[in-house]
Amino acid sequence: SRVGPTVEWTLLPARRRQLPDVGEADRDLRRVLLEAADRLAALEVARWRPEVADQMMNLRHRPPVTAPPGVPDRCVDLAARGLQALSIAELALEDDGGALSVSEIEARRSALAPLARAGRHALVAACSPEVWPPV
C-alpha cells in the first residue's frame, strides 16, 4: 500500500500450490468434453457459421505440440488436447450461437465454461514436471 511517497509491504503467509495429477486432469478433460457436447446438443442452440466450421476442422489437424526432451509422451498429448479444448471453447464463446433468450445464452455459456477450465487444468498438469509419470 502507498504511504505518502513510499510503498509499505505487508507480509502474508504462503503455502505450496497443490500440484495437479496428470491422470486426473486427463480423465477430467475427457469427461468434461463429453458432458459439454451432450449439454450443448440438448440445448439445441447451434448456429451454422462456415468460418467457424473451417476453424473447427483445422483443430482436428493441428500441428503436433513439440516439447523439450524428457517430457513424457502422455503429457505432450495432454497438453495438445488441453490446447484443443481451450480453442474449442474460445471459438464457441465468440458469440451466442443460436441462443435466443438470456437463459439459453447462460445455459450455453455454462456448458462451455467447464471445458475451458478443464483445458487450462490439463495444460497446468502437462507442464508441471513435479507430477510427470515416470518415463
# chains A, B, ... in the order shown; residues from 1 in each chain; ligands from 1
>>> residues_around(residues="range 34-41 of chain A", least_positions_apart="2", cutoff="7 Å", atoms="only C-alpha atoms", output="JSON, numbers by chain")
{"A": [30, 31, 32, 43, 44, 108, 111, 112, 115]}
>>> select_by_dssp(residues="chain A", states="strand (DSSP E or B)", output="number ranges by chain")
A: 2-3, 6-7
>>> select_by_dssp(residues="chain A", states="helix (DSSP H, G or I)", output="count of residues only")
81
